[in-house]
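To start, the structure itself, in structure tokens.
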Amino acid sequence: MDTFAARLETLEHQWMRAWMRGDRKLMKEVAARDFVFLLGGSKATILDRASWLEAATTRLRCHSYRLGDIYARRHGNAGFFACQMEIEASIGDHDWNGTVWVSDIWRKSRMRQSWKLVERVVSRPESDDALGRELATYQLWH
């Protein structure tokens with residue numbers, strides 16, 4: 001694994017562990033101001049940064065995870081990270097367990113030269129539309 005891929009993997013673990021602990025401060029620090037979380041299924045659902053931070057510390061909880069084979073690539077000041085991930089989580093009263101595909105876009109900030117998570121896309125063939133409906137209730141702009 002090259003140095004850049006190792007750096008992104010470290011950031012991914014930092015992000016996931018902060019989510020598991022409900023560490024809003026660290027997630028806010030790592031997430032870019034224009035951060036977006038997209039859950040792909042039969043209907044996609046999006047959370048903006050404020051919605052994500054609220055949900056990830058209350059009703060959208062990660063209990064455990066394990067990253068699979070990692071793909072990482074740098075594009076100037078942006079980095080792309082993708083892998084399969086085993087996850088045990090809950091969305092409200094719904095269990096969200098199994099294998100998902102995670103694709104993240106990271107951007108190096110100009111001021112502090114730190115990496116910020118800009119976008120996370122999590123998807124799997126999902127036939128349970130209740131998960132997406134539940135997640136949509138976490139959108140703070142509604």
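Here's how to read the names in the structure tokens: chain A, B, ... by the order shown, residue numbers from 1 in each chain, ligand numbers from 1 in the order shown.
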Considering only C-alpha atoms, return as a short mmCIF file (atom, residue, chain, number, x, y, z; two decimals) with N, CA and C atoms, in the first residue's frame whatever protein or nucleic-acid residues lie within 9 Å of stretch 51-57 of chain A, sequence-local ones (same chain, fewer than 2 positions apart) excluded.
```cif
data_model
loop_
_atom_site.label_atom_id
_atom_site.label_comp_id
_atom_site.auth_asym_id
_atom_site.auth_seq_id
_atom_site.Cartn_x
_atom_site.Cartn_y
_atom_site.Cartn_z
N TRP A 19 -17.49 8.03 14.73
CA TRP A 19 -18.92 7.72 14.59
C TRP A 19 -19.35 6.71 15.64
N MET A 20 -18.57 5.66 15.84
CA MET A 20 -18.92 4.65 16.83
C MET A 20 -19.01 5.25 18.24
N ARG A 21 -18.13 6.19 18.56
CA ARG A 21 -18.13 6.82 19.88
C ARG A 21 -19.16 7.95 19.99
N GLY A 22 -19.74 8.35 18.85
CA GLY A 22 -20.64 9.50 18.86
C GLY A 22 -19.88 10.79 19.11
N ASP A 23 -18.64 10.86 18.63
CA ASP A 23 -17.76 12.00 18.85
C ASP A 23 -18.07 13.10 17.83
N ARG A 24 -19.06 13.91 18.14
CA ARG A 24 -19.51 14.97 17.24
C ARG A 24 -18.39 15.95 16.93
N MET A 27 -16.00 14.40 14.35
CA MET A 27 -16.65 14.28 13.05
C MET A 27 -16.82 15.65 12.40
N LYS A 28 -17.16 16.66 13.20
CA LYS A 28 -17.31 18.02 12.67
C LYS A 28 -15.98 18.54 12.15
N PHE A 35 -19.98 18.77 3.30
CA PHE A 35 -20.08 17.32 3.41
C PHE A 35 -21.50 16.84 3.08
N VAL A 36 -21.57 15.70 2.38
CA VAL A 36 -22.84 15.05 2.06
C VAL A 36 -22.68 13.55 2.31
N PHE A 37 -23.70 12.97 2.96
CA PHE A 37 -23.79 11.51 3.14
C PHE A 37 -24.94 11.04 2.26
N LEU A 47 -28.05 13.14 3.42
CA LEU A 47 -27.96 13.99 4.62
C LEU A 47 -26.85 15.01 4.39
N ASP A 48 -27.12 16.28 4.69
CA ASP A 48 -26.07 17.29 4.65
C ASP A 48 -25.26 17.19 5.94
N ARG A 49 -24.27 18.04 6.09
CA ARG A 49 -23.36 17.96 7.23
C ARG A 49 -24.10 18.10 8.57
N ARG A 59 -29.48 8.92 16.36
CA ARG A 59 -30.34 7.86 15.81
C ARG A 59 -29.72 7.02 14.72
N LEU A 60 -28.59 7.44 14.18
CA LEU A 60 -27.89 6.69 13.13
C LEU A 60 -26.56 6.26 13.72
N ARG A 61 -26.54 5.07 14.31
CA ARG A 61 -25.38 4.65 15.11
C ARG A 61 -24.64 3.49 14.48
N CYS A 62 -23.32 3.59 14.49
CA CYS A 62 -22.45 2.50 14.05
C CYS A 62 -21.98 1.76 15.30
N ILE A 91 -30.38 2.40 12.16
CA ILE A 91 -31.01 3.63 11.69
C ILE A 91 -32.36 3.66 12.39
N LEU A 135 -34.26 7.38 7.29
CA LEU A 135 -33.13 8.28 7.16
C LEU A 135 -33.57 9.65 6.68
N TYR A 138 -34.31 12.40 9.10
CA TYR A 138 -33.19 13.03 9.78
C TYR A 138 -32.73 14.30 9.06
N GLN A 139 -33.29 14.59 7.89
CA GLN A 139 -32.91 15.77 7.13
C GLN A 139 -33.42 17.01 7.86
N LEU A 140 -32.51 17.83 8.34
CA LEU A 140 -32.87 18.99 9.14
C LEU A 140 -33.53 20.09 8.33
N TRP A 141 -33.37 20.08 7.00
CA TRP A 141 -33.96 21.16 6.22
C TRP A 141 -35.44 20.96 5.94
#
```
Could you give me, as a PyMOL selection string, the residues within 10 Å of A:Asp34, counting only C-alpha atoms and dropping anything in the same chain fewer than 5 positions from it?
chain A and resi 48-50+116-119
DSSP on the backbone: what in chain A comes out alpha helix (DSSP H), as number ranges by chain?
A: 3-21, 24-30, 49-56, 129-136
Output of the above residues as a short mmCIF file (atom, residue, chain, number, x, y, z; two decimals), in the first residue's frame, restricted to N, CA and C atoms:
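Output contents, as saved in selection.cif:
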```cif
data_model
loop_
_atom_site.label_atom_id
_atom_site.label_comp_id
_atom_site.auth_asym_id
_atom_site.auth_seq_id
_atom_site.Cartn_x
_atom_site.Cartn_y
_atom_site.Cartn_z
N THR A 3 1.91 5.37 0.40
CA THR A 3 1.78 6.30 1.52
C THR A 3 0.43 7.01 1.52
N PHE A 4 -0.02 7.43 0.34
CA PHE A 4 -1.29 8.14 0.25
C PHE A 4 -2.46 7.23 0.65
N ALA A 5 -2.48 6.01 0.15
CA ALA A 5 -3.54 5.06 0.51
C ALA A 5 -3.53 4.79 2.01
N ALA A 6 -2.35 4.66 2.58
CA ALA A 6 -2.24 4.44 4.03
C ALA A 6 -2.79 5.64 4.79
N ARG A 7 -2.52 6.85 4.31
CA ARG A 7 -3.04 8.07 4.96
C ARG A 7 -4.56 8.09 4.92
N LEU A 8 -5.14 7.79 3.76
CA LEU A 8 -6.60 7.77 3.67
C LEU A 8 -7.21 6.67 4.55
N GLU A 9 -6.57 5.52 4.58
CA GLU A 9 -7.08 4.44 5.44
C GLU A 9 -7.08 4.88 6.90
N THR A 10 -6.03 5.57 7.33
CA THR A 10 -5.97 6.08 8.70
C THR A 10 -7.11 7.06 8.96
N LEU A 11 -7.36 7.96 8.01
CA LEU A 11 -8.46 8.92 8.15
C LEU A 11 -9.81 8.22 8.21
N GLU A 12 -9.98 7.18 7.40
CA GLU A 12 -11.23 6.42 7.40
C GLU A 12 -11.47 5.78 8.77
N HIS A 13 -10.45 5.18 9.34
CA HIS A 13 -10.59 4.58 10.67
C HIS A 13 -10.89 5.65 11.72
N GLN A 14 -10.24 6.79 11.60
CA GLN A 14 -10.50 7.90 12.52
C GLN A 14 -11.97 8.31 12.44
N TRP A 15 -12.48 8.45 11.23
CA TRP A 15 -13.88 8.83 11.00
C TRP A 15 -14.84 7.79 11.57
N MET A 16 -14.59 6.52 11.26
CA MET A 16 -15.49 5.46 11.71
C MET A 16 -15.47 5.31 13.23
N ARG A 17 -14.32 5.43 13.84
CA ARG A 17 -14.24 5.32 15.30
C ARG A 17 -14.93 6.50 15.97
N ALA A 18 -14.81 7.68 15.38
CA ALA A 18 -15.53 8.85 15.92
C ALA A 18 -17.03 8.61 15.83
N TRP A 19 -17.49 8.03 14.73
CA TRP A 19 -18.92 7.72 14.59
C TRP A 19 -19.35 6.71 15.64
N MET A 20 -18.57 5.66 15.84
CA MET A 20 -18.92 4.65 16.83
C MET A 20 -19.01 5.25 18.24
N ARG A 21 -18.13 6.19 18.56
CA ARG A 21 -18.13 6.82 19.88
C ARG A 21 -19.16 7.95 19.99
N ARG A 24 -19.06 13.91 18.14
CA ARG A 24 -19.51 14.97 17.24
C ARG A 24 -18.39 15.95 16.93
N LYS A 25 -17.59 16.29 17.93
CA LYS A 25 -16.52 17.28 17.75
C LYS A 25 -15.53 16.80 16.68
N LEU A 26 -15.09 15.56 16.77
CA LEU A 26 -14.12 15.04 15.80
C LEU A 26 -14.75 14.90 14.42
N MET A 27 -16.00 14.40 14.35
CA MET A 27 -16.65 14.28 13.05
C MET A 27 -16.82 15.65 12.40
N LYS A 28 -17.16 16.66 13.20
CA LYS A 28 -17.31 18.02 12.67
C LYS A 28 -15.98 18.54 12.15
N GLU A 29 -14.91 18.22 12.85
CA GLU A 29 -13.57 18.65 12.45
C GLU A 29 -13.14 18.00 11.14
N VAL A 30 -13.49 16.72 10.96
CA VAL A 30 -13.07 15.96 9.78
C VAL A 30 -13.97 16.26 8.58
N ARG A 49 -24.27 18.04 6.09
CA ARG A 49 -23.36 17.96 7.23
C ARG A 49 -24.10 18.10 8.57
N ALA A 50 -24.94 19.12 8.69
CA ALA A 50 -25.66 19.33 9.95
C ALA A 50 -26.56 18.15 10.28
N SER A 51 -27.25 17.63 9.26
CA SER A 51 -28.14 16.47 9.47
C SER A 51 -27.33 15.24 9.88
N TRP A 52 -26.19 15.03 9.20
CA TRP A 52 -25.33 13.89 9.53
C TRP A 52 -24.84 13.97 10.97
N LEU A 53 -24.32 15.12 11.36
CA LEU A 53 -23.76 15.26 12.70
C LEU A 53 -24.82 15.02 13.77
N GLU A 54 -26.01 15.50 13.54
CA GLU A 54 -27.10 15.26 14.50
C GLU A 54 -27.48 13.78 14.53
N ALA A 55 -27.71 13.19 13.36
CA ALA A 55 -28.15 11.80 13.29
C ALA A 55 -27.07 10.83 13.79
N ALA A 56 -25.82 11.06 13.42
CA ALA A 56 -24.73 10.13 13.76
C ALA A 56 -24.43 10.09 15.24
N ASP A 129 -37.35 -0.29 1.78
CA ASP A 129 -37.51 1.16 1.62
C ASP A 129 -37.71 1.87 2.95
N ALA A 130 -38.04 1.14 4.01
CA ALA A 130 -38.24 1.76 5.32
C ALA A 130 -36.96 2.42 5.82
N LEU A 131 -35.80 1.86 5.47
CA LEU A 131 -34.53 2.45 5.90
C LEU A 131 -34.36 3.84 5.30
N GLY A 132 -34.60 3.97 4.01
CA GLY A 132 -34.47 5.27 3.36
C GLY A 132 -35.49 6.27 3.88
N ARG A 133 -36.73 5.81 4.11
CA ARG A 133 -37.76 6.71 4.67
C ARG A 133 -37.37 7.18 6.06
N GLU A 134 -36.83 6.26 6.88
CA GLU A 134 -36.39 6.63 8.22
C GLU A 134 -35.25 7.64 8.15
N LEU A 135 -34.26 7.38 7.29
CA LEU A 135 -33.13 8.28 7.16
C LEU A 135 -33.57 9.65 6.68
N ALA A 136 -34.55 9.71 5.79
CA ALA A 136 -35.05 11.00 5.28
C ALA A 136 -35.63 11.86 6.40
#
```
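If you look at atom CA of A:Tyr65 and atom CA of A:Gln84, they are 10.4 Å away from each other.
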A straight line from atom CA of A:Asp2 to atom CA of A:Ser109 spans 21.2 Å
Could you find all residues in stretch 29-122 of chain A that DSSP calls strand (DSSP E or B) from the backbone, and write them as a PyMOL selection string?
chain A and resi 31-40+45-48+60-75+78-91+94-108+115-122
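Taking only C-alpha atoms, the non-local environment of A:Phe80 within 7 Å (same-chain residues fewer than 5 positions away omitted) comprises Ala72, Arg73, Arg74, Asp104, Ile105 and Trp106 of chain A.
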Go ahead and write the residues just picked, C-alpha atoms, as a compact mmCIF listing (two decimals), in the first residue's frame.
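File produced: part28.txt:
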```txt
# COMPACT_ATOMS: atom_id res chain seq x y z
CA ALA A 72 -7.43 4.73 -2.97
CA ARG A 73 -6.40 7.25 -5.57
CA ARG A 74 -5.22 10.83 -5.45
CA ASP A 104 -15.56 8.59 -0.13
CA ILE A 105 -14.16 11.80 -1.57
CA TRP A 106 -11.56 13.63 0.51
```
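Look at A:Leu67: the protein and nucleic acid residues within 7 Å of it, using only C-alpha atoms and passing over chain neighbours fewer than 3 places away, are Cys83, Gln84, Met85 and Glu86 of chain A.
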Have a look at atom CA of A:Ile70 and atom CA of A:Val102 and let me know their distance in Å, one decimal.
9.9 Å
Within 9 Å of A:Asn97, counting only C-alpha atoms, which residues show up once you throw out same-chain ones fewer than 2 positions away? Write them as a list in words, please.
Glu86, Ile87, Glu88, Ala89, Ser90, Asp95, Thr99 and Val100 of chain A
Generate a file of the selected residues that holds C-alpha atoms, formatted as a PDB file, in the first residue's frame.
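again_34.pdb was written with the following content:
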```
ATOM      1  CA  GLU A  86     -18.937  -5.035   6.945  1.00  0.00           C
ATOM      2  CA  ILE A  87     -21.093  -2.899   9.200  1.00  0.00           C
ATOM      3  CA  GLU A  88     -23.325  -3.355  12.218  1.00  0.00           C
ATOM      4  CA  ALA A  89     -25.364  -0.217  12.671  1.00  0.00           C
ATOM      5  CA  SER A  90     -28.860   1.018  13.353  1.00  0.00           C
ATOM      6  CA  ASP A  95     -30.951  -2.807  12.104  1.00  0.00           C
ATOM      7  CA  THR A  99     -21.854  -5.765   3.538  1.00  0.00           C
ATOM      8  CA  VAL A 100     -21.975  -2.301   1.996  1.00  0.00           C
TER       9      VAL A 100
END
```
